[in-house]
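Student: I am sharing my_file-v9.txt, which consists of compact mmCIF, C-alpha atoms and all ligand atoms:
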```
# COMPACT_ATOMS: atom_id res chain seq x y z
CA MET A 1351 -19.99 11.49 -24.98
CA ALA A 1352 -17.71 10.83 -27.97
CA ASP A 1353 -18.03 14.33 -29.44
CA THR A 1354 -17.77 16.28 -26.17
CA ASN A 1355 -14.81 18.38 -25.04
CA ILE A 1356 -12.13 17.13 -22.70
CA GLY A 1357 -13.60 18.70 -19.52
CA THR A 1358 -16.97 17.04 -20.05
CA LYS A 1359 -15.20 13.72 -20.59
CA CYS A 1360 -13.26 14.23 -17.33
CA VAL A 1361 -16.50 14.69 -15.44
CA GLN A 1362 -18.82 12.21 -17.14
CA GLY A 1363 -16.81 9.91 -19.44
CA GLY A 1364 -16.94 6.14 -19.08
CA TYR A 1365 -20.16 5.90 -17.11
CA ALA A 1366 -23.77 6.45 -18.18
CA PRO A 1367 -26.15 5.24 -15.45
CA GLY A 1368 -29.57 3.97 -16.41
CA ASN A 1369 -32.90 4.87 -14.84
CA GLY A 1370 -32.66 4.66 -11.03
CA GLU A 1371 -29.00 3.63 -11.04
CA PRO A 1372 -26.33 5.26 -8.82
CA ARG A 1373 -25.12 8.66 -10.05
CA GLN A 1374 -21.60 8.03 -8.76
CA ILE A 1375 -19.78 4.94 -10.06
CA PRO A 1376 -20.50 1.87 -7.92
CA ILE A 1377 -17.54 0.27 -6.15
CA ILE A 1378 -17.90 -3.43 -6.91
CA GLN A 1379 -15.80 -4.69 -4.02
CA SER A 1380 -16.10 -8.35 -4.97
CA THR A 1381 -13.43 -10.82 -5.97
CA THR A 1382 -15.86 -13.01 -7.83
CA PHE A 1383 -19.18 -13.18 -9.66
CA LYS A 1384 -21.99 -15.72 -9.53
CA TYR A 1385 -23.34 -17.77 -12.48
CA SER A 1386 -26.26 -20.16 -12.82
CA THR A 1387 -24.55 -22.83 -14.88
CA SER A 1388 -21.01 -24.03 -15.48
CA SER A 1389 -21.43 -23.55 -19.19
CA ASP A 1390 -22.28 -19.84 -18.65
CA MET A 1391 -18.97 -19.52 -16.87
CA GLY A 1392 -17.13 -21.61 -19.46
CA LYS A 1393 -18.10 -19.13 -22.16
CA LEU A 1394 -16.47 -16.34 -20.14
CA PHE A 1395 -13.27 -18.34 -19.76
CA ASP A 1396 -13.22 -18.90 -23.52
CA LEU A 1397 -13.72 -15.14 -24.04
CA GLU A 1398 -16.86 -16.03 -26.00
CA ALA A 1399 -19.20 -14.00 -23.81
CA ASP A 1400 -18.76 -10.61 -22.12
CA GLY A 1401 -18.86 -10.62 -18.35
CA TYR A 1402 -16.90 -10.83 -15.17
CA PHE A 1403 -15.68 -13.90 -13.33
CA TYR A 1404 -12.68 -12.94 -11.22
CA SER A 1405 -11.45 -9.45 -10.29
CA ARG A 1406 -7.79 -10.28 -10.94
CA LEU A 1407 -8.69 -10.19 -14.65
CA GLN A 1408 -11.52 -7.68 -14.80
CA ASN A 1409 -13.75 -5.75 -12.46
CA PRO A 1410 -16.69 -3.48 -13.41
CA THR A 1411 -15.48 -0.47 -11.37
CA ASN A 1412 -12.01 -0.68 -12.89
CA ASP A 1413 -13.47 -1.04 -16.37
CA THR A 1414 -15.60 2.09 -15.90
CA VAL A 1415 -12.55 4.14 -14.93
CA ALA A 1416 -10.45 2.60 -17.73
CA ALA A 1417 -13.22 3.54 -20.20
CA LYS A 1418 -13.05 7.16 -19.01
CA ILE A 1419 -9.27 7.28 -19.51
CA ALA A 1420 -9.66 5.65 -22.95
CA ALA A 1421 -12.20 8.37 -23.83
CA LEU A 1422 -9.86 11.12 -22.60
CA GLU A 1423 -6.99 9.81 -24.71
CA GLY A 1424 -9.17 9.02 -27.72
CA GLY A 1425 -8.33 5.31 -27.57
CA THR A 1426 -10.37 2.17 -28.24
CA ALA A 1427 -9.57 0.12 -25.12
CA ALA A 1428 -7.79 0.51 -21.79
CA MET A 1429 -6.91 -1.40 -18.65
CA LEU A 1430 -6.05 -0.23 -15.16
CA THR A 1431 -2.99 -1.60 -13.40
CA SER A 1432 -1.88 -1.48 -9.78
CA SER A 1433 0.84 1.10 -10.53
CA GLY A 1434 2.49 3.08 -13.28
CA GLN A 1435 5.42 0.65 -13.12
CA ALA A 1436 3.06 -2.24 -13.89
CA ALA A 1437 1.54 -0.25 -16.78
CA ASN A 1438 4.90 0.32 -18.46
CA PHE A 1439 6.02 -3.26 -17.84
CA TYR A 1440 2.83 -4.70 -19.35
CA ALA A 1441 2.81 -2.21 -22.22
CA ILE A 1442 6.20 -3.48 -23.41
CA PHE A 1443 6.04 -7.12 -22.29
CA ASN A 1444 2.73 -7.54 -24.14
CA ILE A 1445 4.64 -7.24 -27.45
CA ALA A 1446 8.29 -8.01 -26.61
CA SER A 1447 9.80 -11.10 -25.03
CA CYS A 1448 13.14 -12.84 -24.54
CA GLY A 1449 15.43 -12.15 -27.52
CA ASP A 1450 13.65 -8.93 -28.52
CA HIS A 1451 14.84 -5.34 -28.53
CA VAL A 1452 13.21 -2.02 -27.65
CA ILE A 1453 14.33 1.58 -28.24
CA SER A 1454 13.67 4.02 -25.41
CA SER A 1455 14.31 7.69 -24.90
CA SER A 1456 17.09 8.02 -22.32
CA SER A 1457 15.25 10.88 -20.63
CA ILE A 1458 12.62 8.94 -18.67
CA TYR A 1459 11.47 8.30 -15.11
CA GLY A 1460 14.16 6.63 -12.97
CA GLY A 1461 11.90 3.71 -12.07
CA THR A 1462 11.20 3.01 -15.75
CA PHE A 1463 14.91 3.29 -16.60
CA ASN A 1464 15.67 0.63 -14.00
CA LEU A 1465 12.73 -1.57 -15.09
CA PHE A 1466 13.96 -1.52 -18.69
CA GLY A 1467 17.72 -1.45 -18.28
CA VAL A 1468 18.07 -3.89 -15.39
CA THR A 1469 14.98 -6.01 -14.68
CA MET A 1470 13.61 -6.51 -18.19
CA LYS A 1471 17.16 -6.97 -19.46
CA LYS A 1472 17.38 -9.95 -17.09
CA MET A 1473 14.30 -11.30 -18.85
CA GLY A 1474 16.25 -11.19 -22.12
CA ILE A 1475 14.86 -7.97 -23.59
CA ASP A 1476 17.53 -5.59 -24.76
CA PHE A 1477 16.99 -1.82 -24.58
CA THR A 1478 18.81 0.90 -26.49
CA PHE A 1479 18.55 4.27 -24.76
CA ILE A 1480 18.69 7.20 -27.14
CA SER A 1481 18.66 10.94 -26.53
CA PRO A 1482 15.19 12.43 -27.13
CA ASP A 1483 17.01 15.21 -29.04
CA CYS A 1484 18.63 12.73 -31.48
CA THR A 1485 18.43 13.29 -35.24
CA GLU A 1486 16.14 11.18 -37.42
CA GLU A 1487 19.26 9.42 -38.77
CA GLU A 1488 20.46 8.50 -35.29
CA LEU A 1489 17.01 7.26 -34.37
CA ASN A 1490 16.66 5.14 -37.52
CA ALA A 1491 20.13 3.68 -36.95
CA ALA A 1492 19.07 2.35 -33.52
CA PHE A 1493 16.59 -0.17 -35.02
CA ARG A 1494 17.43 -3.86 -35.30
CA PRO A 1495 15.53 -6.68 -37.01
CA ASN A 1496 14.24 -7.77 -33.55
CA THR A 1497 13.09 -4.29 -32.43
CA LYS A 1498 9.48 -4.48 -31.20
CA ALA A 1499 8.64 -1.04 -29.85
CA VAL A 1500 9.79 2.54 -29.28
CA PHE A 1501 9.19 4.23 -25.91
CA GLY A 1502 9.30 7.79 -24.58
CA GLU A 1503 7.65 10.25 -22.18
CA THR A 1504 5.68 13.26 -23.45
CA ILE A 1505 7.30 15.38 -20.71
CA ALA A 1506 10.09 13.47 -19.02
CA ASN A 1507 10.17 13.07 -15.26
CA PRO A 1508 12.27 14.77 -13.87
CA ALA A 1509 14.31 16.32 -16.72
CA LEU A 1510 11.21 17.92 -18.31
CA THR A 1511 12.44 17.26 -21.84
CA VAL A 1512 9.56 17.44 -24.31
CA LEU A 1513 9.53 14.53 -26.74
CA ASP A 1514 9.11 15.18 -30.47
CA ILE A 1515 6.34 12.58 -30.67
CA GLU A 1516 5.92 12.89 -34.45
CA LYS A 1517 9.63 12.25 -35.05
CA PHE A 1518 9.55 9.14 -32.87
CA ALA A 1519 6.25 7.91 -34.37
CA LYS A 1520 7.54 8.31 -37.92
CA ALA A 1521 10.67 6.25 -37.20
CA ALA A 1522 8.72 3.57 -35.32
CA HIS A 1523 6.18 3.18 -38.13
CA ALA A 1524 8.88 3.13 -40.83
CA HIS A 1525 10.25 0.05 -39.02
CA GLY A 1526 6.84 -1.59 -38.48
CA VAL A 1527 6.64 -1.15 -34.70
CA PRO A 1528 4.39 0.90 -32.39
CA LEU A 1529 5.31 4.00 -30.40
CA VAL A 1530 4.48 3.71 -26.70
CA ILE A 1531 4.18 7.05 -24.87
CA ASP A 1532 4.09 7.55 -21.11
CA ASN A 1533 1.77 10.58 -20.90
CA THR A 1534 1.80 10.88 -17.09
CA PHE A 1535 3.07 14.45 -16.75
CA ALA A 1536 1.07 16.05 -19.56
CA THR A 1537 -2.17 14.13 -18.96
CA PRO A 1538 -4.71 13.94 -21.81
CA VAL A 1539 -5.90 17.41 -20.78
CA ASN A 1540 -2.68 18.95 -22.13
CA CYS A 1541 -1.57 16.42 -24.78
CA ARG A 1542 -3.18 13.50 -26.53
CA PRO A 1543 -0.27 11.56 -28.07
CA PHE A 1544 -2.54 9.52 -30.39
CA GLN A 1545 -3.20 12.72 -32.34
CA TRP A 1546 0.54 12.88 -33.07
CA GLY A 1547 0.97 9.26 -34.15
CA ALA A 1548 1.56 7.38 -30.89
CA ASP A 1549 -0.04 3.92 -30.77
CA ILE A 1550 -0.12 3.03 -27.06
CA VAL A 1551 -0.30 5.43 -24.12
CA THR A 1552 0.59 4.62 -20.52
CA HIS A 1553 -0.04 6.50 -17.28
CA SER A 1554 0.99 6.53 -13.70
CA THR A 1555 -2.46 7.55 -12.44
CA THR A 1556 -0.68 8.09 -9.10
CA LYS A 1557 0.25 11.55 -10.34
CA TYR A 1558 -2.16 14.17 -11.72
CA MET A 1559 -5.03 11.78 -12.43
CA ASP A 1560 -5.41 10.96 -8.76
CA GLY A 1561 -3.87 14.31 -7.91
CA HIS A 1562 -4.40 14.10 -4.15
CA GLY A 1563 -1.61 11.73 -3.15
CA ALA A 1564 -4.18 9.11 -2.21
CA THR A 1565 -3.57 6.04 -4.35
CA ILE A 1566 -0.97 4.29 -6.52
CA GLY A 1567 -2.21 3.22 -9.93
CA GLY A 1568 -1.55 2.90 -13.64
CA CYS A 1569 -3.32 2.63 -16.96
CA ILE A 1570 -2.59 1.43 -20.51
CA VAL A 1571 -4.61 2.77 -23.45
CA ASP A 1572 -4.59 1.42 -27.01
CA SER A 1573 -5.29 3.74 -29.94
CA GLY A 1574 -6.55 0.74 -31.92
CA LYS A 1575 -4.67 2.12 -34.94
CA PHE A 1576 -1.51 0.05 -35.07
CA ASP A 1577 -1.92 -2.74 -37.63
CA TRP A 1578 -0.29 -5.73 -35.92
CA THR A 1579 -1.37 -8.01 -38.78
CA ALA A 1580 0.63 -5.97 -41.31
CA HIS A 1581 3.73 -7.00 -39.30
CA ALA A 1582 2.46 -10.39 -38.15
CA ASP A 1583 5.95 -11.93 -38.11
CA LYS A 1584 7.04 -9.37 -35.49
CA PHE A 1585 4.00 -9.85 -33.24
CA PRO A 1586 3.19 -13.57 -33.10
CA GLY A 1587 1.63 -13.12 -29.66
CA LEU A 1588 -1.16 -11.05 -31.20
CA CYS A 1589 -1.39 -12.64 -34.65
CA THR A 1590 -1.07 -16.40 -33.99
CA PRO A 1591 -3.11 -18.69 -31.71
CA ASP A 1592 -2.49 -18.35 -27.95
CA GLU A 1593 -2.20 -21.93 -26.71
CA SER A 1594 -2.52 -20.69 -23.13
CA TYR A 1595 -5.91 -19.27 -24.04
CA HIS A 1596 -7.70 -22.03 -25.94
CA GLY A 1597 -6.02 -21.18 -29.23
CA ILE A 1598 -7.46 -17.68 -29.54
CA THR A 1599 -5.84 -15.37 -32.09
CA TYR A 1600 -6.34 -11.96 -30.52
CA THR A 1601 -6.30 -9.88 -33.72
CA GLU A 1602 -8.85 -12.20 -35.39
CA ARG A 1603 -11.23 -12.37 -32.46
CA PHE A 1604 -11.02 -8.80 -31.14
CA GLY A 1605 -9.87 -6.75 -34.14
CA LEU A 1606 -7.23 -4.05 -34.08
CA GLU A 1607 -9.31 -2.04 -31.60
CA GLY A 1608 -9.36 -4.76 -28.93
CA ALA A 1609 -6.53 -7.25 -29.53
CA TYR A 1610 -3.73 -5.58 -27.58
CA ILE A 1611 -5.67 -4.83 -24.37
CA THR A 1612 -7.48 -8.18 -24.43
CA LYS A 1613 -4.14 -10.00 -24.64
CA ALA A 1614 -2.73 -7.86 -21.80
CA THR A 1615 -5.76 -8.75 -19.68
CA ALA A 1616 -6.10 -12.41 -20.59
CA GLN A 1617 -2.39 -13.25 -20.38
CA LEU A 1618 -0.44 -10.69 -18.39
CA MET A 1619 -3.01 -9.76 -15.77
CA ARG A 1620 -3.98 -13.41 -15.40
CA ASP A 1621 -0.36 -14.46 -14.82
CA PHE A 1622 1.22 -11.45 -13.06
CA GLY A 1623 -1.85 -10.11 -11.29
CA SER A 1624 -0.88 -6.43 -10.87
CA THR A 1625 -4.54 -5.53 -10.48
CA GLN A 1626 -5.98 -2.19 -9.37
CA SER A 1627 -8.34 -2.45 -6.42
CA PRO A 1628 -11.89 -1.24 -7.16
CA GLN A 1629 -11.81 1.06 -4.13
CA ASN A 1630 -8.67 2.74 -5.46
CA ALA A 1631 -10.12 2.96 -8.96
CA PHE A 1632 -12.96 4.92 -7.37
CA TYR A 1633 -10.43 7.40 -5.93
CA ILE A 1634 -8.78 7.74 -9.34
CA ASN A 1635 -12.16 8.58 -10.81
CA LEU A 1636 -12.76 11.27 -8.20
CA GLY A 1637 -9.45 12.81 -9.25
CA LEU A 1638 -10.33 12.56 -12.95
CA GLU A 1639 -13.55 14.50 -12.37
CA SER A 1640 -11.52 17.66 -11.66
CA LEU A 1641 -8.40 16.91 -13.74
CA HIS A 1642 -9.08 19.63 -16.33
CA ILE A 1643 -9.60 22.29 -13.63
CA ARG A 1644 -6.57 21.23 -11.61
CA MET A 1645 -4.18 20.99 -14.56
CA LYS A 1646 -4.90 24.61 -15.42
CA ARG A 1647 -4.02 25.74 -11.89
CA HIS A 1648 -0.92 23.49 -11.65
CA CYS A 1649 0.34 25.03 -14.91
CA GLU A 1650 -0.41 28.64 -13.87
CA ASN A 1651 1.46 28.12 -10.60
CA ALA A 1652 4.42 26.48 -12.36
CA GLN A 1653 4.62 29.30 -14.90
CA ALA A 1654 4.69 31.92 -12.11
CA VAL A 1655 7.32 30.00 -10.11
CA ALA A 1656 9.48 29.38 -13.20
CA GLU A 1657 9.38 33.08 -14.15
CA TYR A 1658 10.35 34.07 -10.61
CA LEU A 1659 13.24 31.59 -10.44
CA GLN A 1660 14.53 32.58 -13.86
CA ASN A 1661 15.40 36.06 -12.59
CA HIS A 1662 16.79 35.01 -9.20
CA PRO A 1663 20.55 35.51 -8.67
CA LYS A 1664 20.92 32.31 -6.60
CA ILE A 1665 19.43 30.09 -9.32
CA SER A 1666 21.81 28.81 -12.00
CA TRP A 1667 19.24 27.47 -14.47
CA VAL A 1668 15.51 26.78 -14.81
CA SER A 1669 13.86 24.16 -16.98
CA TYR A 1670 10.20 24.69 -17.85
CA CYS A 1671 8.95 24.49 -21.41
CA GLY A 1672 6.52 27.36 -20.81
CA LEU A 1673 9.45 29.80 -20.53
CA PRO A 1674 10.34 31.52 -23.82
CA GLY A 1675 13.97 30.64 -24.49
CA ASP A 1676 13.67 27.24 -22.79
CA LYS A 1677 15.34 24.47 -24.80
CA TYR A 1678 11.92 22.83 -25.22
CA TYR A 1679 9.81 25.97 -25.68
CA GLU A 1680 9.09 25.32 -29.39
CA LEU A 1681 8.24 21.64 -28.88
CA GLY A 1682 6.10 22.71 -25.92
CA GLN A 1683 4.21 25.22 -28.09
CA LYS A 1684 3.57 22.46 -30.64
CA TYR A 1685 2.57 19.57 -28.37
CA LEU A 1686 1.41 21.40 -25.23
CA PRO A 1687 -0.11 24.71 -26.37
CA ASN A 1688 -2.50 24.95 -23.41
CA GLY A 1689 0.09 24.22 -20.73
CA SER A 1690 2.54 21.45 -19.89
CA CYS A 1691 2.57 20.40 -16.22
CA GLY A 1692 3.10 21.73 -12.72
CA VAL A 1693 6.67 20.54 -12.35
CA VAL A 1694 9.62 22.93 -12.65
CA SER A 1695 13.24 21.75 -12.49
CA PHE A 1696 16.06 24.10 -11.54
CA GLY A 1697 19.59 24.27 -10.26
CA VAL A 1698 20.61 26.11 -7.10
CA LYS A 1699 23.99 27.86 -7.31
CA GLY A 1700 26.43 25.91 -5.16
CA GLY A 1701 25.40 22.49 -6.51
CA ARG A 1702 24.21 19.44 -4.59
CA LYS A 1703 24.91 20.87 -1.10
CA ALA A 1704 23.16 24.18 -1.77
CA ALA A 1705 20.18 22.37 -3.31
CA GLU A 1706 19.74 20.16 -0.25
CA LYS A 1707 20.12 23.15 2.12
CA PHE A 1708 17.55 25.19 0.18
CA MET A 1709 15.04 22.33 0.26
CA GLY A 1710 15.44 21.96 4.01
CA LYS A 1711 14.38 25.59 4.48
CA LEU A 1712 11.13 25.41 2.48
CA LYS A 1713 7.99 25.64 4.61
CA ILE A 1714 5.11 25.14 2.17
CA ALA A 1715 6.81 22.71 -0.19
CA ALA A 1716 7.49 19.38 1.52
CA ILE A 1717 10.30 16.99 0.62
CA GLU A 1718 8.56 13.93 -0.80
CA THR A 1719 9.05 11.11 -3.27
CA HIS A 1720 6.09 12.36 -5.21
CA VAL A 1721 5.01 14.86 -7.84
CA ALA A 1722 1.74 16.10 -9.24
CA ASP A 1723 0.01 16.38 -5.90
CA ALA A 1724 -2.46 19.07 -4.76
CA ARG A 1725 0.17 20.01 -2.15
CA THR A 1726 3.45 21.42 -3.40
CA CYS A 1727 6.37 19.05 -2.95
CA CYS A 1728 9.99 18.83 -4.01
CA LEU A 1729 12.72 16.27 -4.42
CA HIS A 1730 16.44 16.01 -5.08
CA PRO A 1731 16.50 13.19 -7.68
CA ALA A 1732 20.28 12.61 -7.67
CA SER A 1733 20.10 11.53 -4.03
CA SER A 1734 16.72 9.76 -4.17
CA THR A 1735 14.80 8.43 -7.21
CA HIS A 1736 17.90 8.40 -9.43
CA ARG A 1737 20.53 7.51 -6.82
CA GLN A 1738 21.22 4.07 -8.39
CA MET A 1739 22.41 5.72 -11.62
CA SER A 1740 26.02 6.33 -12.55
CA GLU A 1741 27.25 9.87 -13.25
CA SER A 1742 27.04 9.35 -17.03
CA GLU A 1743 23.56 7.77 -16.82
CA LEU A 1744 22.45 10.77 -14.76
CA ILE A 1745 23.65 13.14 -17.45
CA ALA A 1746 21.92 11.10 -20.21
CA ALA A 1747 18.71 11.24 -18.17
CA GLY A 1748 19.09 15.01 -17.85
CA VAL A 1749 19.52 14.83 -14.08
CA THR A 1750 22.39 17.02 -12.87
CA PRO A 1751 23.56 16.83 -9.22
CA ASP A 1752 22.14 20.31 -8.49
CA LEU A 1753 18.69 19.56 -9.97
CA VAL A 1754 15.70 20.27 -7.72
CA ARG A 1755 12.36 18.93 -8.93
CA TYR A 1756 9.69 21.27 -7.64
CA SER A 1757 6.09 20.18 -8.17
CA CYS A 1758 3.66 23.09 -7.88
CA GLY A 1759 0.44 22.15 -6.13
CA LEU A 1760 -2.84 23.98 -6.09
CA GLU A 1761 -1.94 26.61 -3.47
CA ASP A 1762 -1.67 30.33 -4.29
CA ALA A 1763 1.37 31.12 -6.44
CA GLU A 1764 2.14 34.22 -4.33
CA ASP A 1765 2.63 32.02 -1.26
CA LEU A 1766 4.84 29.53 -3.10
CA ILE A 1767 7.05 32.37 -4.30
CA VAL A 1768 7.34 33.94 -0.83
CA ASP A 1769 8.32 30.51 0.51
CA ILE A 1770 10.97 30.00 -2.19
CA ALA A 1771 12.35 33.50 -1.63
CA GLN A 1772 12.88 32.99 2.10
CA ALA A 1773 14.43 29.55 1.58
CA LEU A 1774 16.88 30.89 -1.02
CA GLN A 1775 17.82 33.72 1.30
C1 LIG A 1801 5.71 7.93 -11.24
C2 LIG A 1801 5.92 7.60 -12.64
C3 LIG A 1801 5.89 6.27 -13.09
C4 LIG A 1801 5.71 5.12 -12.13
O1 LIG A 1801 4.43 5.14 -11.61
P1 LIG A 1801 4.03 4.49 -10.16
O2 LIG A 1801 2.57 4.74 -10.12
O3 LIG A 1801 4.82 5.21 -9.13
O4 LIG A 1801 4.38 3.05 -10.23
C5 LIG A 1801 6.05 6.03 -14.43
N1 LIG A 1801 6.23 7.04 -15.30
C6 LIG A 1801 6.28 8.34 -14.91
C7 LIG A 1801 6.49 9.41 -15.93
C8 LIG A 1801 6.11 8.65 -13.57
O5 LIG A 1801 6.16 9.93 -13.20
```
Would you mind writing the file's structure down as C-alpha cells?
Ligand SMILES: *Cc1c(COP(=O)(O)O)cnc(C)c1O

Tutor:
Amino acid sequence: MADTNIGTKCVQGGYAPGNGEPRQIPIIQSTTFKYSTSSDMGKLFDLEADGYFYSRLQNPTNDTVAAKIAALEGGTAAMLTSSGQAANFYAIFNIASCGDHVISSSSIYGGTFNLFGVTMKKMGIDFTFISPDCTEEELNAAFRPNTKAVFGETIANPALTVLDIEKFAKAAHAHGVPLVIDNTFATPVNCRPFQWGADIVTHSTTKYMDGHGATIGGCIVDSGKFDWTAHADKFPGLCTPDESYHGITYTERFGLEGAYITKATAQLMRDFGSTQSPQNAFYINLGLESLHIRMKRHCENAQAVAEYLQNHPKISWVSYCGLPGDKYYELGQKYLPNGSCGVVSFGVKGGRKAAEKFMGKLKIAAIETHVADARTCCLHPASSTHRQMSESELIAAGVTPDLVRYSCGLEDAEDLIVDIAQALQ
C-alpha cells in the first residue's frame, strides 16, 4: 500500500484482512480485552508487548483508521481523538507545558484560538499570535528561549488564508522546534504538509474526512522526522525517563517514528481520556473511502460559486484561493495545485445586516455551525463561532463583520448558484 496513489490509500489504506477475515473493518465495541495471565497484562502496561488492554488508551478499530490517516499524510504514527479540539490540545500539550511558549498563526479556527489564547494560557503556556503573511524576520523575532512549537492551518477556517508552510517550517527548524499544521480544510488529498517540512499534522475529522455531518472526531499524525533528541533540553518529556510510566524514555524505546504518538497515548489519553468511540471511527473510515472523490466535487462547486460571486454587483469581495487575483492564489498554486477546499468566504454589500438577511433567504444552503459537509451550509462567524473575539482580534483572524462562510456541498453547482442568485435579489 505504501507506493500507491492517494485514492487507493483512501479506499484501502490501514487495513489488510487475512484469509476469511471481514472485508470491512471490524468495529471492536469493547472497553477491555482478556488475558490468560497477569504477567501477560503486565507486559502491556509496561509497553513491553504490543496489544490492547483498555479502549481509553487504544482500540483496534481506532488504530486501523488512524493507520489509514497516517498513510494518507505520509506519517509514521497516528492517534484518533474524540474531536479536532482534543487533537490540537494534545498536539501542543504533548511537547509544551507550564512556563513554555508557542507561536501560532493568528488566522486559525475560532475554537483553536480560544483553546490557545484563553484555556491553555490558564495552564501557563504563553502563545504569540502572528500574521500568516508576516516576513521571515518578523517570524524569527517571535521566538523565545522557551518556545516549543509553531502552529498554523494549511487553509485557515474561516478566513481561507493559505499558509506558507515552507516559511513557517524553516523558521521553526532554525529554532529547534517542530511545525504543527492543522490540515483539516485541505485534507491529505489536496495537501500533504509533511512534504513541505511540517512535523506534526492535526485534523478535525468532523469535517471532510467524515464529510456527512455524522460524527465529531480528530486525529494527530507524526511525520517521524523531527529529531527530538537533537534538542533534548527543550523536550524532556520525550527524551528523559517518564516516571509516570515506569521510567520509559519514549525516544529511546520507540525511536523518532513512534516516540511522540506513544507519549500522547500513554500519558495524555490515559489522563485526559478524549477517546474516539470505535463506532464513530467506523463512520470516519466510511467517509475516508470516498474522500478523494468528494474533495474533487467540493472544489469544483466552490470554484463555480466563487466565480459567480466575484462578478455579482451585490458582493463586495470574495476570498477563494482558486480565483486568479486572490491574495492567496500563488500560495494556493504552490501548495494546493489540485484544488483547495469547498469553502468560499465573501462579503455582502451592506455589511453584517445584509449578510444575515441574505443567509435567511437561502433555500439549499442551511445555516449551520458546520463546514465540509455533503450538504451545503453557511455561517456568519462574527455572530457565531467568533463572537467571543474583540473587534481587533476579529481583524487579525481575517474575520470581518460582513464575512459569510459558505461551504459548498456535493449538490449540483447550477442549483447552488440559482439559490444564491435568488437570495441576493
Ligand atoms: C472544526 C475545526 C476544528 C475543531 O474540530 P472539532 O472536531 O469541531 O472539535 C479545528 N480546526 C479546524 C481547522 C476546524 O475547522

Student: Could you give me, as JSON lines, a per-residue list for range 1553-1614 of chain A showing, wherever an atom lies at most 8 Å from an atom of range 1425-1448 of chain A, the closest pair of atoms and their distance in Å to one decimal, using all atoms listed in the file and sorting by chain then residue number from low to high?

Tutor:
```
{"residue": "A:His1553", "atom": "CA", "partner": "A:Gly1434", "partner_atom": "CA", "distance": 5.8}
{"residue": "A:Ser1554", "atom": "CA", "partner": "A:Gly1434", "partner_atom": "CA", "distance": 3.8}
{"residue": "A:Thr1555", "atom": "CA", "partner": "A:Gly1434", "partner_atom": "CA", "distance": 6.7}
{"residue": "A:Thr1556", "atom": "CA", "partner": "A:Gly1434", "partner_atom": "CA", "distance": 7.3}
{"residue": "A:Ile1566", "atom": "CA", "partner": "A:Ser1433", "partner_atom": "CA", "distance": 5.4}
{"residue": "A:Gly1567", "atom": "CA", "partner": "A:Ser1433", "partner_atom": "CA", "distance": 3.8}
{"residue": "A:Gly1568", "atom": "CA", "partner": "A:Gly1434", "partner_atom": "CA", "distance": 4.1}
{"residue": "A:Cys1569", "atom": "CA", "partner": "A:Leu1430", "partner_atom": "CA", "distance": 4.3}
{"residue": "A:Ile1570", "atom": "CA", "partner": "A:Ala1428", "partner_atom": "CA", "distance": 5.4}
{"residue": "A:Val1571", "atom": "CA", "partner": "A:Ala1428", "partner_atom": "CA", "distance": 4.2}
{"residue": "A:Asp1572", "atom": "CA", "partner": "A:Gly1425", "partner_atom": "CA", "distance": 5.4}
{"residue": "A:Ser1573", "atom": "CA", "partner": "A:Gly1425", "partner_atom": "CA", "distance": 4.2}
{"residue": "A:Gly1574", "atom": "CA", "partner": "A:Thr1426", "partner_atom": "CA", "distance": 5.5}
{"residue": "A:Phe1585", "atom": "CA", "partner": "A:Ile1445", "partner_atom": "CA", "distance": 6.4}
{"residue": "A:Gly1587", "atom": "CA", "partner": "A:Ile1445", "partner_atom": "CA", "distance": 7.0}
{"residue": "A:Leu1588", "atom": "CA", "partner": "A:Ile1445", "partner_atom": "CA", "distance": 7.9}
{"residue": "A:Glu1607", "atom": "CA", "partner": "A:Thr1426", "partner_atom": "CA", "distance": 5.5}
{"residue": "A:Gly1608", "atom": "CA", "partner": "A:Ala1427", "partner_atom": "CA", "distance": 6.2}
{"residue": "A:Tyr1610", "atom": "CA", "partner": "A:Asn1444", "partner_atom": "CA", "distance": 7.6}
{"residue": "A:Ile1611", "atom": "CA", "partner": "A:Ala1428", "partner_atom": "CA", "distance": 6.3}
{"residue": "A:Lys1613", "atom": "CA", "partner": "A:Asn1444", "partner_atom": "CA", "distance": 7.3}
{"residue": "A:Ala1614", "atom": "CA", "partner": "A:Asn1444", "partner_atom": "CA", "distance": 5.9}
```

Student: Just checking: using only C-alpha atoms and all ligand atoms, which residue out of A:Pro1731, A:Pro1528, A:Pro1508, A:Gly1682 ends up closest to ligand LIG 1801 (chain A)?

Tutor: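 Of the candidates, the smallest distance to ligand LIG 1801 (chain A) is held by A:Pro1508.
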
Student: Name all residues at most 8 Å from Leu1606 in chain A (count only C-alpha atoms; drop same-chain ones fewer than 3 positions away) and give them as a count of residues only.

Tutor: 8

Student: A:Cys1691, A:Ala1704, A:Ala1763, A:Val1754: which is nearest Ala1654 in chain A, counting all atoms listed in the file?

Tutor: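 For Ala1654 in chain A, the nearest of the candidates is A:Ala1763.
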
Student: Once 8 Å is added on each side, what centre and edge lengths in Å to one decimal does the axis-aligned box around all listed atoms of ligand LIG 1801 (chain A) have, as AutoDock Vina command-line options?

Tutor:
```
--center_x 4.5 --center_y 6.5 --center_z -12.5 --size_x 19.9 --size_y 22.9 --size_z 22.8
```

Student: Counting all atoms listed in the file, I want the residues whose atoms come within 9 Å of (-0.4, 12.1, -9.4) in the file frame, returned as a PyMOL selection string.

Tutor: chain A and resi 1534-1535+1554-1566+1720-1724

Student: Under the rule that only C-alpha atoms are counted, which of A:Asp1483, A:Asp1396, A:Glu1657, A:Glu1650 is the nearest residue to Ile1598 in chain A?

Tutor: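 Closest to Ile1598 in chain A of all the choices is A:Asp1396.
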
Student: So, counting all atoms listed in the file, which residue among A:Leu1422, A:Ile1378, A:Val1361, A:Ile1505 is closest to ligand LIG 1801 (chain A)?

Tutor: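 Closest residue, counting all atoms listed in the file: A:Ile1505.
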